[in-house]
Structure formats: structure tokens, C-alpha cells
$ cat start21.tsv   # TSV, C-alpha atoms
chain	number	residue	atom	x	y	z
A	576	MET	CA	43.61	-31.17	5.34
A	577	GLN	CA	46.59	-31.80	7.57
A	578	ASN	CA	48.38	-28.74	6.23
A	579	GLY	CA	45.39	-26.42	6.85
A	580	PHE	CA	45.85	-23.01	8.38
A	581	LEU	CA	44.60	-24.24	11.78
A	582	SER	CA	46.26	-27.66	11.86
A	583	GLY	CA	48.40	-28.25	14.91
A	584	VAL	CA	46.67	-25.50	16.90
A	585	GLY	CA	44.34	-27.94	18.63
A	586	VAL	CA	41.17	-26.88	16.80
A	587	PRO	CA	38.77	-29.78	16.17
A	588	ARG	CA	38.12	-30.68	12.52
A	589	GLY	CA	34.53	-29.32	12.42
A	590	GLU	CA	35.56	-25.90	13.68
A	591	GLU	CA	38.46	-25.89	11.22
A	592	LEU	CA	36.00	-26.37	8.35
A	593	ALA	CA	33.71	-23.65	9.71
A	594	CYS	CA	36.63	-21.22	9.86
A	595	ALA	CA	37.65	-22.18	6.33
A	596	SER	CA	34.15	-21.48	5.01
A	597	LEU	CA	34.11	-18.12	6.80
A	598	ALA	CA	37.38	-17.24	5.11
A	599	ALA	CA	35.89	-18.23	1.75
A	600	LEU	CA	32.87	-15.99	2.36
A	601	ARG	CA	35.07	-13.06	3.25
A	602	SER	CA	37.14	-13.51	0.12
A	603	LYS	CA	34.06	-12.81	-2.03
A	604	GLY	CA	33.99	-9.27	-0.71
A	605	PRO	CA	31.83	-7.49	1.83
A	606	LEU	CA	28.29	-8.67	2.41
A	607	GLN	CA	25.95	-6.48	0.37
A	608	SER	CA	22.58	-6.31	2.07
A	609	VAL	CA	19.73	-3.94	2.83
A	610	GLN	CA	16.84	-4.26	5.26
A	611	VAL	CA	13.53	-2.50	4.65
A	612	PHE	CA	9.95	-2.81	5.85
A	613	GLY	CA	6.48	-2.68	4.35
A	614	ARG	CA	3.25	-1.94	6.18
A	615	LYS	CA	-0.45	-2.40	5.60
A	616	LYS	CA	-2.90	-1.67	8.41
A	617	THR	CA	-1.37	-3.48	11.41
A	618	SER	CA	0.83	-5.88	9.41
A	619	THR	CA	4.55	-5.28	9.20
A	620	ALA	CA	6.88	-7.15	6.85
A	621	VAL	CA	10.65	-6.81	7.14
A	622	ALA	CA	12.62	-7.79	4.04
A	623	HIS	CA	16.33	-8.59	4.13
A	624	CYS	CA	17.81	-8.37	0.63
A	625	LYS	CA	21.35	-9.56	-0.12
A	626	ARG	CA	23.46	-10.68	-3.05
A	627	GLY	CA	22.39	-14.16	-4.12
A	628	ASN	CA	20.72	-16.17	-6.86
A	629	GLY	CA	17.03	-15.22	-6.95
A	630	LEU	CA	15.70	-16.85	-3.78
A	631	ILE	CA	12.58	-15.33	-2.18
A	632	LYS	CA	11.32	-16.75	1.13
A	633	VAL	CA	8.55	-15.60	3.47
A	634	ASN	CA	8.82	-16.61	7.14
A	635	GLY	CA	11.33	-19.26	6.09
A	636	ARG	CA	8.98	-20.84	3.56
A	637	PRO	CA	9.46	-20.79	-0.22
A	638	LEU	CA	6.92	-18.97	-2.41
A	639	GLU	CA	5.26	-22.18	-3.59
A	640	MET	CA	3.87	-22.75	-0.08
A	641	ILE	CA	2.28	-19.31	0.29
A	642	GLU	CA	-1.36	-18.60	-0.55
A	643	LEU	CA	-2.15	-15.66	-2.85
A	644	GLN	CA	1.41	-15.82	-4.15
A	645	TYR	CA	0.55	-14.04	-7.40
A	646	LYS	CA	-0.42	-10.93	-5.44
A	647	PHE	CA	2.96	-10.48	-3.84
A	648	LEU	CA	4.77	-11.69	-6.95
A	649	GLU	CA	3.48	-8.60	-8.79
A	650	PRO	CA	6.84	-6.78	-8.40
A	651	VAL	CA	8.64	-9.82	-9.87
A	652	LEU	CA	6.20	-10.07	-12.76
A	653	LEU	CA	6.35	-6.32	-13.43
A	654	LEU	CA	10.12	-5.97	-13.37
A	655	GLY	CA	11.10	-9.34	-14.79
A	656	GLN	CA	13.00	-12.17	-13.16
A	657	GLU	CA	16.37	-10.97	-14.44
A	658	ARG	CA	16.32	-8.07	-11.95
A	659	PHE	CA	15.69	-10.48	-9.07
A	660	ALA	CA	18.22	-13.08	-10.29
A	661	GLY	CA	21.16	-11.52	-8.45
A	662	VAL	CA	19.51	-11.08	-5.05
A	663	ASP	CA	18.06	-13.23	-2.27
A	664	ILE	CA	15.11	-11.76	-0.36
A	665	ARG	CA	13.96	-13.14	2.98
A	666	VAL	CA	10.80	-11.63	4.47
A	667	ARG	CA	9.46	-11.87	8.02
A	668	VAL	CA	5.86	-10.75	8.46
A	669	GLN	CA	3.70	-10.43	11.54
A	670	GLY	CA	0.46	-8.83	12.65
A	671	GLY	CA	-2.80	-8.16	10.86
A	672	GLY	CA	-4.83	-10.48	8.68
A	673	HIS	CA	-3.85	-12.62	5.69
A	674	VAL	CA	-4.61	-10.02	3.02
A	675	ALA	CA	-2.92	-7.16	4.89
A	676	GLN	CA	0.14	-9.39	5.33
A	677	ILE	CA	0.23	-10.08	1.59
A	678	TYR	CA	0.21	-6.35	0.81
A	679	ALA	CA	2.91	-5.71	3.43
A	680	ILE	CA	5.07	-8.47	1.87
A	681	GLN	CA	4.50	-7.03	-1.60
A	682	GLN	CA	5.57	-3.58	-0.45
A	683	SER	CA	8.65	-4.82	1.41
A	684	ILE	CA	9.85	-6.84	-1.62
A	685	SER	CA	9.48	-3.79	-3.87
A	686	LYS	CA	11.22	-1.46	-1.44
A	687	ALA	CA	14.02	-3.98	-0.84
A	688	LEU	CA	14.85	-4.24	-4.53
A	689	VAL	CA	14.82	-0.45	-4.99
A	690	ALA	CA	17.05	0.05	-1.93
A	691	TYR	CA	19.48	-2.68	-3.06
A	692	TYR	CA	19.80	-1.21	-6.55
A	693	GLN	CA	20.30	2.28	-5.11
A	694	LYS	CA	23.02	1.17	-2.72
A	695	TYR	CA	24.93	-1.44	-4.72
A	696	VAL	CA	24.07	-1.17	-8.43
A	697	ASP	CA	23.46	2.26	-9.98
A	698	GLU	CA	21.10	5.18	-9.69
A	699	ALA	CA	19.77	4.95	-13.26
A	700	SER	CA	18.51	1.38	-12.93
A	701	LYS	CA	17.07	2.19	-9.49
A	702	LYS	CA	15.13	5.10	-10.98
A	703	GLU	CA	13.87	2.90	-13.81
A	704	ILE	CA	12.64	0.25	-11.33
A	705	LYS	CA	11.03	2.88	-9.12
A	706	ASP	CA	9.23	4.52	-12.06
A	707	ILE	CA	7.83	1.18	-13.25
A	708	LEU	CA	6.53	0.31	-9.78
A	709	ILE	CA	4.99	3.74	-9.11
A	710	GLN	CA	3.34	3.83	-12.52
A	711	TYR	CA	1.69	0.47	-11.82
A	712	ASP	CA	0.71	1.00	-8.17
A	713	ARG	CA	2.04	3.67	-5.83
A	714	THR	CA	1.35	1.55	-2.72
A	715	LEU	CA	4.13	-0.82	-3.82
A	716	LEU	CA	6.58	1.77	-2.50
A	717	VAL	CA	4.56	4.15	-0.32
A	718	ALA	CA	2.53	3.00	2.67
A	719	GLY	CA	-1.02	4.34	2.63
A	720	ALA	CA	-1.88	6.09	5.86
A	721	VAL	CA	-4.90	4.49	7.50
A	722	LYS	CA	-6.28	6.75	10.20
A	723	PRO	CA	-9.36	6.08	12.31
A	724	ARG	CA	-12.13	8.57	11.66
A	725	SER	CA	-13.48	10.50	14.57
A	726	LEU	CA	-17.11	11.33	15.07
A	727	GLU	CA	-16.33	15.03	14.54
A	728	ALA	CA	-15.43	14.28	10.94
A	729	LEU	CA	-18.90	12.85	10.35
A	730	GLY	CA	-20.74	15.99	11.39
A	731	PRO	CA	-21.60	18.15	14.38
A	732	GLU	CA	-24.81	16.25	15.17
A	733	LEU	CA	-23.01	12.93	15.58
A	734	ALA	CA	-20.23	14.38	17.70
A	735	THR	CA	-22.65	15.45	20.42
A	736	ARG	CA	-24.99	12.47	20.30
A	737	ASN	CA	-25.49	9.98	23.10
A	738	PRO	CA	-23.54	6.79	22.27
A	739	THR	CA	-26.51	4.63	23.31
A	740	ASP	CA	-28.86	6.29	20.80
A	741	LYS	CA	-29.46	4.45	17.54
A	742	LEU	CA	-28.51	6.09	14.26
A	743	SER	CA	-31.57	6.48	12.04
$ encode --input "start21.tsv" --output "C-alpha cells"
Amino acid sequence: MQNGFLSGVGVPRGEELACASLAALRSKGPLQSVQVFGRKKTSTAVAHCKRGNGLIKVNGRPLEMIELQYKFLEPVLLLGQERFAGVDIRVRVQGGGHVAQIYAIQQSISKALVAYYQKYVDEASKKEIKDILIQYDRTLLVAGAVKPRSLEALGPELATRNPTDKLS
């Protein structure tokens, strides 16, 4: 690659290759990506969805290494693999317990695909995907609000009780 676009400029060979690969990436067009989150209790999952070839990873690990993988593969099974074939989804999840994390991952994957289709594909297919997901389970797209209950909600007698008294 003596006649490369950086030859003779004093750029080492490794950096020349890195610049060449960056130019190749830019020639494909702008990077198409969306970033969304899913929540369940105290777990938060952030999904980064971009144009790709059907890769789904959670915390850098492929799906085969994750427990309860069928639970967060529900969106893939519902919508079919052909809708996920053109995108790569990478999910980072933290907080909460194992099950809450699974539900947060599930929600973030669903929301990521809907957002990607809305932004880069077309509105009709986005609406079709959204309708399928909501018909199956609304929590795939909408986070359920979990609020702590106060003693006042349980009744006036409990609100004024002494905390050291036993409930009978």
C-alpha cells in the first residue's frame, strides 16, 4: 500500500490502516443508531441499536451465556428474526435483581426496535411492530410504575398506630 492516501506523510502503517477503515465506514453512509432504556423496579437497561446483522449482546456477552434467555427473547420470537436481521442491539443493564434485570432487558430490546424502525425504516412497519408487542404484553413498551404504599392507603387505624405494636 505504498500508493495509499497517507503514504509519504510519515504516518505509521497501523495508523494508515485505521484511517483507511474509518474512510470505508464513512462511505457506507451515516451511522444509524438509537439508544433507549427499559426499567423494572430498580433495574435499568440501556439498549444501543444500530444497523448490523442480527447481533444481540447483553453486558458484552452473547445471548447463549445468559440465564432465562427465552424470557427476554420474547420480542424476537413474537416479531420474527427477519425484523432483527438488519440491526445489532447491545444492552447494558445494572441494578436490581436477576428477574427485574431480565424484564428491563426485554423492555429495552422492544423499545429499541420500535425506535429504530420509526427513525430509519417507515412508520407503517413501526406501527405494526408496536401493535404486536402491545397486544401481547403492554409492559414490553411501557414501564409499570411501582410506587411504595403508605400506611395511609391501608386505612386510618394503621396510619395512627404505634410502629412497635403488632398487627393482629
$ residues_around --input "start21.tsv" --residues "range 654-666 of chain A" --least-positions-apart "4" --cutoff "8 Å" --atoms "only C-alpha atoms" --output "VMD selection string"
chain A and resid 620 to 635 650 680 683 to 684 687 to 688 704 707
$ atom_distance --input "start21.tsv" --atom1 "CA of Pro605 in chain A" --atom2 "CA of Ala699 in chain A"
23.0 Å
$ closest_residue --input "start21.tsv" --among "A:Gln607, A:Ser618, A:Gln676, A:Gln681" --to "Leu653 in chain A" --atoms "only C-alpha atoms"
A:Gln681
$ atom_distance --input "start21.tsv" --atom1 "CA of Tyr695 in chain A" --atom2 "CA of Ile677 in chain A"
26.9 Å
$ atom_distance --input "start21.tsv" --atom1 "CA of Lys702 in chain A" --atom2 "CA of Lys616 in chain A"
27.3 Å
$ closest_residue --input "start21.tsv" --among "A:Leu606, A:Val611, A:Leu652, A:Ala720" --to "Ala690 in chain A" --atoms "all atoms listed in the file"
A:Val611
$ closest_residue --input "start21.tsv" --among "A:Gln693, A:Gln682, A:Gln669, A:Gln610" --to "Ala718 in chain A" --atoms "all atoms listed in the file"
A:Gln682
$ closest_residue --input "start21.tsv" --among "A:Asp712, A:Glu642, A:Glu698, A:Asp706" --to "Val674 in chain A" --atoms "only C-alpha atoms"
A:Glu642
